[in-house]
>>> print(open('protein_8.csv').read())   # CSV, C-alpha atoms
chain,number,residue,atom,x,y,z
A,1,MET,CA,102.6,112.9,-9.5
A,2,GLN,CA,99.1,113.4,-8.3
A,3,LYS,CA,97.4,110.8,-6.2
A,4,GLU,CA,93.6,110.9,-6.0
A,5,PRO,CA,91.5,108.5,-4.1
A,6,GLN,CA,88.5,108.8,-6.3
A,7,GLY,CA,89.1,110.8,-9.5
A,8,GLY,CA,86.8,113.3,-11.0
A,9,LEU,CA,83.4,112.9,-12.4
A,10,ALA,CA,84.6,111.9,-15.8
A,11,GLU,CA,86.7,109.1,-14.4
A,12,VAL,CA,83.9,108.0,-12.1
A,13,LEU,CA,81.4,107.8,-15.0
A,14,ASP,CA,83.9,105.8,-17.0
A,15,LEU,CA,83.9,103.2,-14.3
A,16,ILE,CA,80.4,103.0,-12.9
A,17,LEU,CA,78.5,103.3,-16.1
A,18,ASP,CA,80.6,100.9,-18.2
A,19,LYS,CA,81.9,98.5,-15.6
A,20,GLY,CA,80.5,96.6,-12.6
A,21,LEU,CA,78.1,93.8,-12.3
A,22,VAL,CA,74.9,94.3,-14.2
A,23,ILE,CA,71.8,93.7,-12.0
A,24,ASP,CA,69.8,92.3,-15.0
A,25,ALA,CA,72.1,89.4,-15.3
A,26,PHE,CA,71.2,88.2,-11.8
A,27,VAL,CA,67.7,89.4,-10.9
A,28,LYS,CA,64.8,88.8,-13.2
A,29,VAL,CA,61.6,89.2,-11.3
A,30,SER,CA,62.0,92.1,-8.8
A,31,LEU,CA,63.9,94.6,-10.9
A,32,VAL,CA,62.7,98.1,-10.5
A,33,GLY,CA,62.9,100.0,-13.8
A,34,ILE,CA,64.4,103.3,-12.8
A,35,GLU,CA,65.1,105.9,-15.4
A,36,LEU,CA,68.8,106.6,-15.7
A,37,ILE,CA,69.9,110.1,-16.7
A,38,THR,CA,73.5,110.1,-17.4
A,39,ILE,CA,75.8,112.6,-19.0
A,40,ASP,CA,77.8,111.1,-21.8
A,41,ALA,CA,81.2,111.2,-20.4
A,42,ARG,CA,83.1,110.7,-23.6
A,43,ILE,CA,83.3,114.0,-25.2
A,44,VAL,CA,83.7,113.2,-28.8
A,45,VAL,CA,85.5,115.9,-30.6
A,46,ALA,CA,85.3,115.5,-34.3
A,47,SER,CA,88.7,114.6,-35.7
A,48,VAL,CA,88.9,117.7,-37.9
A,49,ASP,CA,88.4,120.0,-34.9
A,50,THR,CA,91.1,118.2,-33.1
A,51,TYR,CA,93.4,118.5,-36.1
A,52,LEU,CA,92.8,122.2,-36.4
A,53,LYS,CA,93.5,122.6,-32.7
A,54,PHE,CA,96.8,120.8,-33.0
A,55,ALA,CA,97.7,122.9,-36.1
A,56,GLU,CA,96.9,126.0,-34.2
A,57,ALA,CA,98.9,125.0,-31.1
A,58,THR,CA,101.8,124.0,-33.3
A,59,ASN,CA,101.7,127.2,-35.1
A,60,ARG,CA,101.8,129.0,-31.8
A,61,LEU,CA,104.8,127.0,-30.5
A,62,ASP,CA,107.9,129.0,-29.8
A,63,LEU,CA,110.6,126.7,-31.2
A,64,HIS,CA,113.8,128.5,-30.2
A,65,ALA,CA,115.9,125.4,-30.4
A,66,LYS,CA,115.9,125.0,-34.2
A,67,GLY,CA,118.0,127.3,-36.4
A,68,GLY,CA,116.8,130.3,-38.3
A,69,LYS,CA,116.1,133.0,-35.8
A,70,ASP,CA,114.7,135.3,-38.3
A,71,LEU,CA,112.1,132.7,-39.2
A,72,GLY,CA,111.3,132.2,-35.6
A,73,GLU,CA,110.7,135.9,-35.1
A,74,PHE,CA,108.7,136.2,-38.2
A,75,LEU,CA,106.6,133.2,-37.0
A,76,GLY,CA,106.3,134.6,-33.6
A,77,GLY,CA,104.8,137.9,-34.9
A,78,ALA,CA,102.5,136.2,-37.2
A,79,THR,CA,101.4,133.6,-34.8
A,80,GLU,CA,100.4,136.1,-32.2
A,81,GLY,CA,97.7,137.4,-34.5
A,82,VAL,CA,96.4,134.0,-35.4
A,83,THR,CA,96.3,132.9,-31.8
A,84,GLN,CA,94.3,135.9,-30.8
A,85,GLY,CA,91.7,134.9,-33.5
A,86,GLY,CA,88.6,132.9,-33.0
A,87,ALA,CA,90.0,129.4,-32.9
A,88,LYS,CA,91.5,129.7,-29.5
A,89,GLY,CA,88.5,131.1,-27.9
A,90,LYS,CA,86.4,128.3,-29.3
A,91,THR,CA,88.8,125.6,-28.2
A,92,LYS,CA,88.9,126.9,-24.7
A,93,GLY,CA,85.1,126.9,-24.6
A,94,VAL,CA,84.9,123.3,-25.6
A,95,LEU,CA,87.5,122.2,-23.1
A,96,ASP,CA,86.0,124.1,-20.3
A,97,ALA,CA,82.6,122.6,-21.0
A,98,GLY,CA,84.0,119.1,-21.1
A,99,LYS,CA,86.2,119.3,-18.1
A,100,GLU,CA,84.3,121.3,-15.6
A,101,LYS,CA,80.9,122.4,-16.4
A,102,TRP,CA,79.1,119.1,-16.3
A,103,ASP,CA,75.9,120.7,-15.0
A,104,GLU,CA,75.7,123.1,-17.8
A,105,VAL,CA,76.4,120.4,-20.4
A,106,ARG,CA,73.5,118.4,-19.1
A,107,GLY,CA,71.3,119.9,-21.8
A,108,GLU,CA,73.0,117.2,-24.0
A,109,ARG,CA,72.2,114.5,-21.5
A,110,GLN,CA,71.5,111.1,-22.7
A,111,SER,CA,68.5,109.4,-21.3
A,112,GLN,CA,68.1,105.7,-21.2
A,113,SER,CA,65.4,103.8,-19.5
A,114,ARG,CA,65.2,100.2,-18.6
A,115,ARG,CA,61.8,99.0,-17.7
A,116,ASP,CA,61.0,95.7,-16.3
A,117,LYS,CA,57.9,93.7,-16.5
A,118,ALA,CA,55.8,94.9,-13.6
B,1,MET,CA,65.3,108.8,11.4
B,2,THR,CA,61.9,109.1,13.1
B,3,SER,CA,60.0,106.7,11.0
B,4,THR,CA,56.3,106.6,11.6
B,5,GLU,CA,55.6,103.9,9.1
B,6,ASN,CA,52.3,103.8,7.4
B,7,THR,CA,52.4,100.2,6.4
B,8,THR,CA,49.0,100.3,4.7
B,9,GLN,CA,50.3,98.8,1.5
B,10,ALA,CA,51.4,95.3,1.3
B,11,ARG,CA,54.2,96.3,-1.0
B,12,ASP,CA,55.7,99.7,-1.3
B,13,THR,CA,56.0,100.8,-4.9
B,14,THR,CA,57.4,104.3,-4.1
B,15,ARG,CA,60.8,103.1,-3.0
B,16,GLY,CA,63.3,100.5,-4.1
B,17,SER,CA,66.5,99.0,-2.7
B,18,TYR,CA,69.5,100.4,-4.4
B,19,ILE,CA,72.5,98.0,-4.5
B,20,TYR,CA,76.0,99.4,-4.5
B,21,GLY,CA,77.9,96.1,-4.3
B,22,ILE,CA,78.4,92.8,-2.7
B,23,VAL,CA,80.8,92.1,0.2
B,24,PRO,CA,81.5,89.2,2.6
B,25,ALA,CA,78.9,88.9,5.4
B,26,GLY,CA,79.9,90.4,8.8
B,27,ILE,CA,81.8,93.4,7.6
B,28,ARG,CA,81.3,96.9,8.8
B,29,ILE,CA,80.5,99.8,6.5
B,30,PRO,CA,82.9,102.7,7.0
B,31,ASP,CA,81.4,105.6,8.9
B,32,GLY,CA,80.6,109.0,7.4
B,33,LEU,CA,79.5,107.8,3.9
B,34,ASP,CA,76.6,109.6,2.2
B,35,PRO,CA,74.3,107.3,0.3
B,36,ILE,CA,72.4,108.3,-2.9
B,37,PRO,CA,70.0,111.0,-1.7
B,38,HIS,CA,66.5,109.8,-1.0
B,39,GLY,CA,63.8,112.4,-0.8
B,40,ASP,CA,64.3,114.9,2.1
B,41,ASP,CA,65.6,112.0,4.1
B,42,ALA,CA,69.3,111.7,4.4
B,43,GLY,CA,68.9,107.9,4.1
B,44,GLN,CA,71.2,105.3,5.4
B,45,LEU,CA,73.5,102.7,4.1
B,46,GLY,CA,72.6,99.2,5.2
B,47,LEU,CA,73.6,95.6,4.7
B,48,VAL,CA,71.3,92.8,3.5
B,49,THR,CA,72.9,89.6,4.6
B,50,GLU,CA,72.3,86.1,3.2
B,51,GLY,CA,74.6,83.2,4.1
B,52,ASN,CA,78.3,84.3,3.7
B,53,LEU,CA,77.4,87.3,1.6
B,54,ALA,CA,76.0,90.8,2.2
B,55,ALA,CA,74.8,93.5,-0.2
B,56,VAL,CA,75.4,97.2,0.5
B,57,VAL,CA,72.1,98.9,0.0
B,58,SER,CA,70.1,102.1,0.6
B,59,ASP,CA,66.6,103.2,-0.1
B,60,VAL,CA,65.9,105.2,-3.2
B,61,ALA,CA,62.7,106.7,-4.6
B,62,ALA,CA,61.4,104.6,-7.4
B,63,ASP,CA,59.9,107.5,-9.2
B,64,ARG,CA,63.0,109.7,-9.4
B,65,PRO,CA,65.4,109.3,-12.3
B,66,LEU,CA,68.9,108.5,-11.1
B,67,GLY,CA,72.0,110.1,-12.5
B,68,THR,CA,72.7,113.4,-10.9
B,69,ARG,CA,76.3,114.2,-10.1
B,70,ARG,CA,75.6,113.5,-6.5
B,71,ASP,CA,74.1,110.1,-7.3
B,72,LEU,CA,77.0,109.1,-9.4
B,73,MET,CA,79.7,110.3,-7.0
B,74,ALA,CA,77.9,108.6,-4.0
B,75,HIS,CA,77.8,105.2,-5.8
B,76,GLU,CA,81.6,105.5,-6.4
B,77,ALA,CA,82.5,106.9,-3.0
B,78,VAL,CA,80.7,104.2,-1.1
B,79,LEU,CA,82.4,101.5,-3.1
B,80,ASN,CA,85.8,103.1,-2.9
B,81,ALA,CA,85.6,103.6,0.9
B,82,ILE,CA,84.7,99.9,1.3
B,83,ALA,CA,87.4,98.8,-1.2
B,84,GLN,CA,90.2,100.3,0.9
B,85,GLU,CA,89.8,97.5,3.4
B,86,ILE,CA,87.5,94.8,2.1
B,87,PRO,CA,87.0,93.0,-1.2
B,88,VAL,CA,83.8,94.2,-2.9
B,89,LEU,CA,82.1,93.3,-6.1
B,90,PRO,CA,80.8,96.6,-7.5
B,91,MET,CA,77.4,96.8,-9.2
B,92,ARG,CA,77.1,98.9,-12.3
B,93,PHE,CA,75.4,102.2,-11.5
B,94,GLY,CA,71.6,102.0,-11.3
B,95,ALA,CA,70.9,98.6,-9.7
B,96,VAL,CA,67.5,98.8,-8.0
B,97,VAL,CA,65.2,96.0,-6.9
B,98,THR,CA,61.8,96.2,-5.2
B,99,ASP,CA,63.0,95.5,-1.6
B,100,ASP,CA,65.6,93.9,0.7
B,101,ASP,CA,63.9,90.5,0.4
B,102,ALA,CA,64.5,90.6,-3.3
B,103,VAL,CA,68.2,91.5,-2.7
B,104,ALA,CA,68.6,88.4,-0.5
B,105,GLU,CA,66.4,85.9,-2.3
B,106,GLU,CA,67.0,86.8,-6.0
B,107,LEU,CA,70.4,88.3,-6.0
B,108,LEU,CA,72.5,86.8,-3.2
B,109,ALA,CA,71.0,83.3,-2.6
B,110,PRO,CA,70.9,82.0,-6.2
B,111,HIS,CA,74.3,83.3,-7.2
B,112,GLN,CA,76.1,82.6,-4.0
B,113,ASP,CA,78.8,80.4,-5.6
B,114,TYR,CA,79.9,82.9,-8.1
B,115,PHE,CA,79.9,85.8,-5.6
B,116,VAL,CA,81.8,83.9,-3.0
B,117,ARG,CA,84.4,82.7,-5.5
B,118,ALA,CA,84.8,86.2,-7.0
B,119,LEU,CA,85.3,87.8,-3.6
B,120,GLU,CA,87.8,85.1,-2.7
B,121,GLN,CA,89.8,85.9,-5.8
B,122,LEU,CA,89.8,89.6,-5.2
B,123,LYS,CA,90.7,89.3,-1.5
B,124,GLY,CA,94.0,91.1,-0.8
B,125,HIS,CA,94.0,92.9,-4.1
B,126,LEU,CA,93.4,96.6,-4.9
B,127,GLU,CA,92.7,98.2,-8.3
B,128,PHE,CA,94.6,101.3,-9.3
B,129,ARG,CA,94.1,103.4,-12.4
B,130,LEU,CA,96.9,105.4,-13.9
B,131,ARG,CA,96.1,108.3,-16.2
B,132,GLY,CA,98.4,110.6,-17.9
B,133,ASP,CA,98.0,113.7,-20.0
B,134,TYR,CA,100.6,115.2,-22.4
B,135,ASP,CA,101.9,118.7,-21.8
B,136,GLN,CA,100.7,119.9,-25.2
B,137,ASP,CA,103.5,122.3,-25.9
B,138,ALA,CA,106.1,119.8,-24.9
B,139,VAL,CA,104.7,117.0,-27.0
B,140,LEU,CA,104.1,119.2,-30.0
B,141,SER,CA,107.7,120.6,-29.9
B,142,ARG,CA,109.0,117.1,-29.8
B,143,ILE,CA,106.9,116.1,-32.8
B,144,VAL,CA,107.8,119.1,-34.9
B,145,GLU,CA,111.5,118.9,-34.1
B,146,ALA,CA,111.6,115.2,-34.9
B,147,ASP,CA,109.9,115.4,-38.3
B,148,PRO,CA,111.1,117.7,-41.1
B,149,ARG,CA,107.9,117.0,-43.1
B,150,ILE,CA,105.8,118.4,-40.2
B,151,GLN,CA,108.2,121.4,-39.9
B,152,GLN,CA,107.6,122.2,-43.5
B,153,MET,CA,103.9,122.0,-43.1
B,154,ARG,CA,104.1,124.2,-40.1
B,155,GLU,CA,106.1,126.8,-42.0
B,156,LYS,CA,103.6,126.7,-44.9
B,157,ILE,CA,100.7,127.8,-42.7
B,158,ALA,CA,102.6,130.4,-40.8
B,159,GLY,CA,101.2,133.9,-41.4
B,160,VAL,CA,98.7,132.5,-44.0
B,161,ASP,CA,95.1,133.6,-43.6
B,162,GLU,CA,93.0,131.0,-41.7
B,163,ASP,CA,90.6,130.3,-44.5
B,164,ALA,CA,93.3,130.1,-47.1
B,165,SER,CA,95.3,127.6,-45.0
B,166,TYR,CA,92.3,125.5,-43.9
B,167,TYR,CA,93.3,122.3,-45.7
B,168,ASP,CA,96.9,122.7,-44.9
B,169,ARG,CA,96.1,123.1,-41.3
B,170,ILE,CA,94.0,120.0,-41.3
B,171,ARG,CA,96.8,118.1,-43.0
B,172,LEU,CA,99.3,119.4,-40.4
B,173,GLY,CA,96.9,118.5,-37.5
B,174,GLU,CA,96.4,115.0,-38.9
B,175,ALA,CA,100.1,114.4,-39.1
B,176,ILE,CA,100.5,115.5,-35.6
B,177,SER,CA,97.6,113.4,-34.4
B,178,ASN,CA,99.2,110.4,-36.0
B,179,ALA,CA,102.5,111.1,-34.4
B,180,MET,CA,100.8,111.4,-31.0
B,181,ASP,CA,99.1,108.0,-31.5
B,182,GLN,CA,102.5,106.6,-31.9
B,183,PHE,CA,103.7,108.3,-28.7
B,184,ARG,CA,100.6,106.9,-26.9
B,185,ALA,CA,101.4,103.3,-28.0
B,186,ASP,CA,105.0,103.7,-26.9
B,187,ASP,CA,104.1,105.3,-23.6
B,188,ALA,CA,101.5,102.7,-22.7
B,189,GLN,CA,104.1,100.0,-23.4
B,190,ALA,CA,106.5,101.9,-21.2
B,191,CYS,CA,103.9,101.8,-18.4
B,192,VAL,CA,103.4,98.1,-18.8
B,193,ASP,CA,107.1,97.5,-18.8
B,194,ALA,CA,107.7,99.6,-15.7
B,195,LEU,CA,104.7,98.6,-13.6
B,196,SER,CA,103.1,95.3,-14.6
B,197,LYS,CA,105.7,93.4,-12.6
B,198,PHE,CA,104.1,94.8,-9.5
B,199,ALA,CA,100.6,93.9,-10.5
B,200,VAL,CA,98.7,90.6,-10.9
B,201,ALA,CA,96.8,92.0,-13.9
B,202,THR,CA,97.2,95.0,-16.2
B,203,GLU,CA,94.8,96.4,-18.7
B,204,VAL,CA,95.7,99.1,-21.2
B,205,LYS,CA,92.7,101.4,-21.9
B,206,GLU,CA,91.8,104.1,-24.3
B,207,ALA,CA,93.6,107.3,-23.2
B,208,GLY,CA,90.9,109.6,-24.4
B,209,GLY,CA,90.9,113.3,-24.9
B,210,GLU,CA,93.2,115.2,-27.3
B,211,ASN,CA,96.0,115.4,-24.8
B,212,GLY,CA,95.4,112.0,-23.2
B,213,ALA,CA,98.6,110.1,-23.0
B,214,VAL,CA,98.1,106.9,-21.1
B,215,HIS,CA,95.3,105.1,-19.2
B,216,LEU,CA,95.8,101.8,-17.5
B,217,ALA,CA,94.2,99.7,-14.8
B,218,PHE,CA,96.2,97.5,-12.5
B,219,LEU,CA,95.2,94.9,-10.0
B,220,VAL,CA,97.8,95.0,-7.3
B,221,ARG,CA,98.3,92.7,-4.3
B,222,THR,CA,98.1,94.6,-1.0
B,223,ASP,CA,101.6,93.5,-0.1
B,224,ASN,CA,102.9,94.9,-3.4
B,225,ARG,CA,101.2,98.2,-3.0
B,226,SER,CA,104.1,100.3,-1.8
B,227,ASP,CA,106.5,98.9,-4.5
B,228,PHE,CA,103.9,99.6,-7.1
B,229,GLU,CA,103.3,103.2,-5.9
B,230,ARG,CA,107.0,103.8,-5.7
B,231,ALA,CA,107.4,102.6,-9.3
B,232,VAL,CA,104.6,104.9,-10.4
B,233,ASP,CA,106.4,107.8,-8.6
B,234,ASP,CA,109.6,107.0,-10.4
B,235,LEU,CA,107.8,107.0,-13.7
B,236,GLY,CA,106.1,110.3,-12.8
B,237,ASP,CA,109.5,111.8,-12.1
B,238,GLU,CA,111.0,110.4,-15.3
B,239,TRP,CA,108.1,111.8,-17.4
B,240,SER,CA,107.9,115.1,-15.5
B,241,GLY,CA,107.3,118.1,-17.9
B,242,ARG,CA,106.2,115.8,-20.7
B,243,VAL,CA,103.4,113.7,-19.2
B,244,GLU,CA,101.4,114.5,-16.1
B,245,LEU,CA,100.5,111.3,-14.4
B,246,ARG,CA,97.7,110.8,-11.9
B,247,LEU,CA,97.2,107.7,-9.9
B,248,ILE,CA,93.6,107.0,-8.9
B,249,GLY,CA,92.8,104.5,-6.2
B,250,PRO,CA,92.6,102.1,-4.7
B,251,THR,CA,89.2,101.7,-6.2
B,252,ALA,CA,86.8,98.8,-6.2
B,253,ALA,CA,88.0,96.2,-8.8
B,254,PHE,CA,85.7,97.3,-11.6
B,255,ASP,CA,88.1,96.2,-14.3
B,256,PHE,CA,89.0,92.8,-12.9
B,257,LEU,CA,85.7,91.2,-12.0
B,258,PRO,CA,85.8,87.4,-12.6
B,259,GLU,CA,83.7,86.3,-15.5
B,260,PHE,CA,80.1,85.5,-14.6
B,261,ASP,CA,78.6,82.5,-16.4
B,262,ALA,CA,74.8,82.3,-16.2
B,263,PRO,CA,74.0,79.4,-13.9
B,264,ASP,CA,72.5,76.2,-15.3
B,265,GLU,CA,69.0,76.8,-13.9
B,266,ALA,CA,68.8,80.0,-15.8
B,267,LYS,CA,69.6,78.3,-19.1
B,268,ALA,CA,67.0,75.6,-18.5
>>> encode(input="protein_8.csv", output="structure tokens")
Amino acid sequence: MQKEPQGGLAEVLDLILDKGLVIDAFVKVSLVGIELITIDARIVVASVDTYLKFAEATNRLDLHAKGGKDLGEFLGGATEGVTQGGAKGKTKGVLDAGKEKWDEVRGERQSQSRRDKA
Amino acid sequence: MTSTENTTQARDTTRGSYIYGIVPAGIRIPDGLDPIPHGDDAGQLGLVTEGNLAAVVSDVAADRPLGTRRDLMAHEAVLNAIAQEIPVLPMRFGAVVTDDDAVAEELLAPHQDYFVRALEQLKGHLEFRLRGDYDQDAVLSRIVEADPRIQQMREKIAGVDEDASYYDRIRLGEAISNAMDQFRADDAQACVDALSKFAVATEVKEAGGENGAVHLAFLVRTDNRSDFERAVDDLGDEWSGRVELRLIGPTAAFDFLPEFDAPDEAKA
């Protein structure tokens, strides 16, 4: 069990961009329209990509519990080759970008601007 | 710092007052907090007080877009630090008004009733967020072992060329994804069953991410905090090796703010 006082950037974004009191609901006249540049926290992985990753990971699984050792060994050998293939590298890249490299991802930043009557 | 103020302009349009949140008047802001960066200046957190309320503010440049990692983390860190001890109504990121007078006269004064009532309700409560991620291998093994249909699909793609098995792999992945959704629903319910008795309010949220297992928010009374945390520990032990749980908080009560109804004068 990990305990964290604040959470990472992804968790923080989830909170402070979607939740909290919206100033526009309270202040009408003296709002300052400041451009907000925010990284879209929700990394939307297309379903198909996710499915393929699951399939890949399942294929890689070492299921020693279930019967049929020969099958297991056969799979083990075959899986190795597949795992080494392109899919894993790609998957890792996506996850890394999502979880850690926020700064690099900022090319895909979303920009939204709220401008008040001056 | 050393401020040689050139008050040549009647109204400064190069800066604004950034609002973090609203607290009861007379509190002290915890030491050592960094506000959102403002130019070369380190900037300082301050309180704008009006009646029984105060807003936590700092200066920001009006011409700089907000949203760097530092800006975002500062907003959250300031609110979190305050929320450890004091009820606070968090603003959504990016609340800027022209100056401190506007904070007092347009934000605090007209909506005093709502803010006071909301702070009163949150007094003595803390928000926690519980997040959990599946150990992917563990969860996949469980799914495969439990479902002969998925076992067959798995055997079908083994050793088959990636292109040739493309649609079979999608079908397998989809079946697994559906099985995981069922796990998510069951696990969220298990969290509710184990923990909500220690909370005054519970919200189940989207787990998110391909390995996301659970995501819940809890509003916990201060005097139930240790019981709540113990129950979370127990659940973490029980799920060890299957779901990695993380408890985040206490945070400001972002998820449990009392409803704001626009006041009558605004409707008129």
>>> interface_residues(input="protein_8.csv", of="chain A", to="chain B", cutoff="7 Å", atoms="only C-alpha atoms", output="PyMOL selection string")
chain A and resi 1-7+12+15-17+19-23+26-27+30-32+34-38+48+50-52+54-55+58-59+61+63+75+78-79
>>> atom_distance(input="protein_8.csv", atom1="CA of Glu50 in chain B", atom2="CA of Pro258 in chain B")
20.8 Å
>>> atom_distance(input="protein_8.csv", atom1="CA of Gly32 in chain B", atom2="CA of Ala83 in chain B")
15.0 Å
>>> atom_distance(input="protein_8.csv", atom1="CA of Ala146 in chain B", atom2="CA of Ala194 in chain B")
25.0 Å
>>> residues_around(input="protein_8.csv", residues="Arg221 in chain B", least_positions_apart="3", cutoff="9 Å", atoms="all atoms listed in the file", output="ChimeraX atom specification")
/B:123-127,198-200,224-225
>>> write_last_selection(input="protein_8.csv", atoms="C-alpha atoms", output="short mmCIF file (atom, residue, chain, number, x, y, z; two decimals), keeping the file's coordinate frame")
data_model
loop_
_atom_site.label_atom_id
_atom_site.label_comp_id
_atom_site.auth_asym_id
_atom_site.auth_seq_id
_atom_site.Cartn_x
_atom_site.Cartn_y
_atom_site.Cartn_z
CA LYS B 123 90.70 89.30 -1.50
CA GLY B 124 94.00 91.10 -0.80
CA HIS B 125 94.00 92.90 -4.10
CA LEU B 126 93.40 96.60 -4.90
CA GLU B 127 92.70 98.20 -8.30
CA PHE B 198 104.10 94.80 -9.50
CA ALA B 199 100.60 93.90 -10.50
CA VAL B 200 98.70 90.60 -10.90
CA ASN B 224 102.90 94.90 -3.40
CA ARG B 225 101.20 98.20 -3.00
#
>>> closest_residue(input="protein_8.csv", among="B:Asp147, B:Ser165, B:Thr49, B:Lys205", to="Ala179 in chain B", atoms="all atoms listed in the file")
B:Asp147
>>> closest_residue(input="protein_8.csv", among="B:Asp71, B:Pro30, B:Glu203, B:Ile36", to="Leu9 in chain A", atoms="only C-alpha atoms")
B:Asp71
>>> closest_residue(input="protein_8.csv", among="B:Ala104, B:Ala231, B:Ala109, B:Val214", to="Val57 in chain B", atoms="all atoms listed in the file")
B:Ala104
>>> decode(input="protein_8.csv", residues="range 198-218 of chain B", atoms="N, CA and C atoms", output="PDB file, in the first residue's frame")
ATOM      1  N   PHE B 198     -16.667   3.952   6.677  1.00  0.00           N
ATOM      2  CA  PHE B 198     -15.818   4.897   7.395  1.00  0.00           C
ATOM      3  C   PHE B 198     -15.866   6.294   6.773  1.00  0.00           C
ATOM      4  N   ALA B 199     -16.706   6.467   5.762  1.00  0.00           N
ATOM      5  CA  ALA B 199     -16.774   7.742   5.051  1.00  0.00           C
ATOM      6  C   ALA B 199     -18.191   8.306   5.133  1.00  0.00           C
ATOM      7  N   VAL B 200     -18.311   9.624   5.023  1.00  0.00           N
ATOM      8  CA  VAL B 200     -19.646  10.208   4.980  1.00  0.00           C
ATOM      9  C   VAL B 200     -20.158  10.264   3.547  1.00  0.00           C
ATOM     10  N   ALA B 201     -19.235  10.186   2.573  1.00  0.00           N
ATOM     11  CA  ALA B 201     -19.650  10.152   1.177  1.00  0.00           C
ATOM     12  C   ALA B 201     -18.605   9.385   0.379  1.00  0.00           C
ATOM     13  N   THR B 202     -19.075   8.658  -0.624  1.00  0.00           N
ATOM     14  CA  THR B 202     -18.189   7.840  -1.454  1.00  0.00           C
ATOM     15  C   THR B 202     -18.562   8.059  -2.904  1.00  0.00           C
ATOM     16  N   GLU B 203     -17.552   8.194  -3.752  1.00  0.00           N
ATOM     17  CA  GLU B 203     -17.843   8.316  -5.176  1.00  0.00           C
ATOM     18  C   GLU B 203     -16.959   7.354  -5.954  1.00  0.00           C
ATOM     19  N   VAL B 204     -17.596   6.506  -6.762  1.00  0.00           N
ATOM     20  CA  VAL B 204     -16.840   5.607  -7.631  1.00  0.00           C
ATOM     21  C   VAL B 204     -16.557   6.340  -8.925  1.00  0.00           C
ATOM     22  N   LYS B 205     -15.281   6.357  -9.322  1.00  0.00           N
ATOM     23  CA  LYS B 205     -14.895   7.098 -10.516  1.00  0.00           C
ATOM     24  C   LYS B 205     -14.310   6.148 -11.556  1.00  0.00           C
ATOM     25  N   GLU B 206     -14.196   6.650 -12.755  1.00  0.00           N
ATOM     26  CA  GLU B 206     -13.602   5.884 -13.862  1.00  0.00           C
ATOM     27  C   GLU B 206     -12.166   5.509 -13.503  1.00  0.00           C
ATOM     28  N   ALA B 207     -11.843   4.214 -13.590  1.00  0.00           N
ATOM     29  CA  ALA B 207     -10.500   3.786 -13.203  1.00  0.00           C
ATOM     30  C   ALA B 207      -9.445   4.298 -14.175  1.00  0.00           C
ATOM     31  N   GLY B 208      -9.733   4.258 -15.453  1.00  0.00           N
ATOM     32  CA  GLY B 208      -8.812   4.822 -16.429  1.00  0.00           C
ATOM     33  C   GLY B 208      -7.554   4.002 -16.637  1.00  0.00           C
ATOM     34  N   GLY B 209      -7.011   4.074 -17.850  1.00  0.00           N
ATOM     35  CA  GLY B 209      -5.790   3.335 -18.146  1.00  0.00           C
ATOM     36  C   GLY B 209      -6.082   1.864 -18.372  1.00  0.00           C
ATOM     37  N   GLU B 210      -5.250   1.191 -19.149  1.00  0.00           N
ATOM     38  CA  GLU B 210      -5.578  -0.196 -19.485  1.00  0.00           C
ATOM     39  C   GLU B 210      -5.444  -1.122 -18.294  1.00  0.00           C
ATOM     40  N   ASN B 211      -4.601  -0.767 -17.327  1.00  0.00           N
ATOM     41  CA  ASN B 211      -4.472  -1.607 -16.139  1.00  0.00           C
ATOM     42  C   ASN B 211      -5.181  -1.015 -14.928  1.00  0.00           C
ATOM     43  N   GLY B 212      -5.901   0.074 -15.136  1.00  0.00           N
ATOM     44  CA  GLY B 212      -6.602   0.709 -14.037  1.00  0.00           C
ATOM     45  C   GLY B 212      -7.620  -0.246 -13.430  1.00  0.00           C
ATOM     46  N   ALA B 213      -7.597  -0.372 -12.118  1.00  0.00           N
ATOM     47  CA  ALA B 213      -8.505  -1.299 -11.454  1.00  0.00           C
ATOM     48  C   ALA B 213      -9.635  -0.548 -10.766  1.00  0.00           C
ATOM     49  N   VAL B 214      -9.276   0.310  -9.832  1.00  0.00           N
ATOM     50  CA  VAL B 214     -10.302   1.060  -9.108  1.00  0.00           C
ATOM     51  C   VAL B 214      -9.877   2.513  -8.935  1.00  0.00           C
ATOM     52  N   HIS B 215     -10.861   3.378  -8.815  1.00  0.00           N
ATOM     53  CA  HIS B 215     -10.634   4.791  -8.524  1.00  0.00           C
ATOM     54  C   HIS B 215     -11.858   5.292  -7.774  1.00  0.00           C
ATOM     55  N   LEU B 216     -11.660   5.636  -6.522  1.00  0.00           N
ATOM     56  CA  LEU B 216     -12.775   6.127  -5.715  1.00  0.00           C
ATOM     57  C   LEU B 216     -12.352   7.352  -4.928  1.00  0.00           C
ATOM     58  N   ALA B 217     -13.326   8.178  -4.614  1.00  0.00           N
ATOM     59  CA  ALA B 217     -13.087   9.316  -3.731  1.00  0.00           C
ATOM     60  C   ALA B 217     -13.944   9.141  -2.487  1.00  0.00           C
ATOM     61  N   PHE B 218     -13.358   9.495  -1.344  1.00  0.00           N
ATOM     62  CA  PHE B 218     -14.068   9.358  -0.072  1.00  0.00           C
ATOM     63  C   PHE B 218     -13.989  10.663   0.704  1.00  0.00           C
TER      64      PHE B 218
END
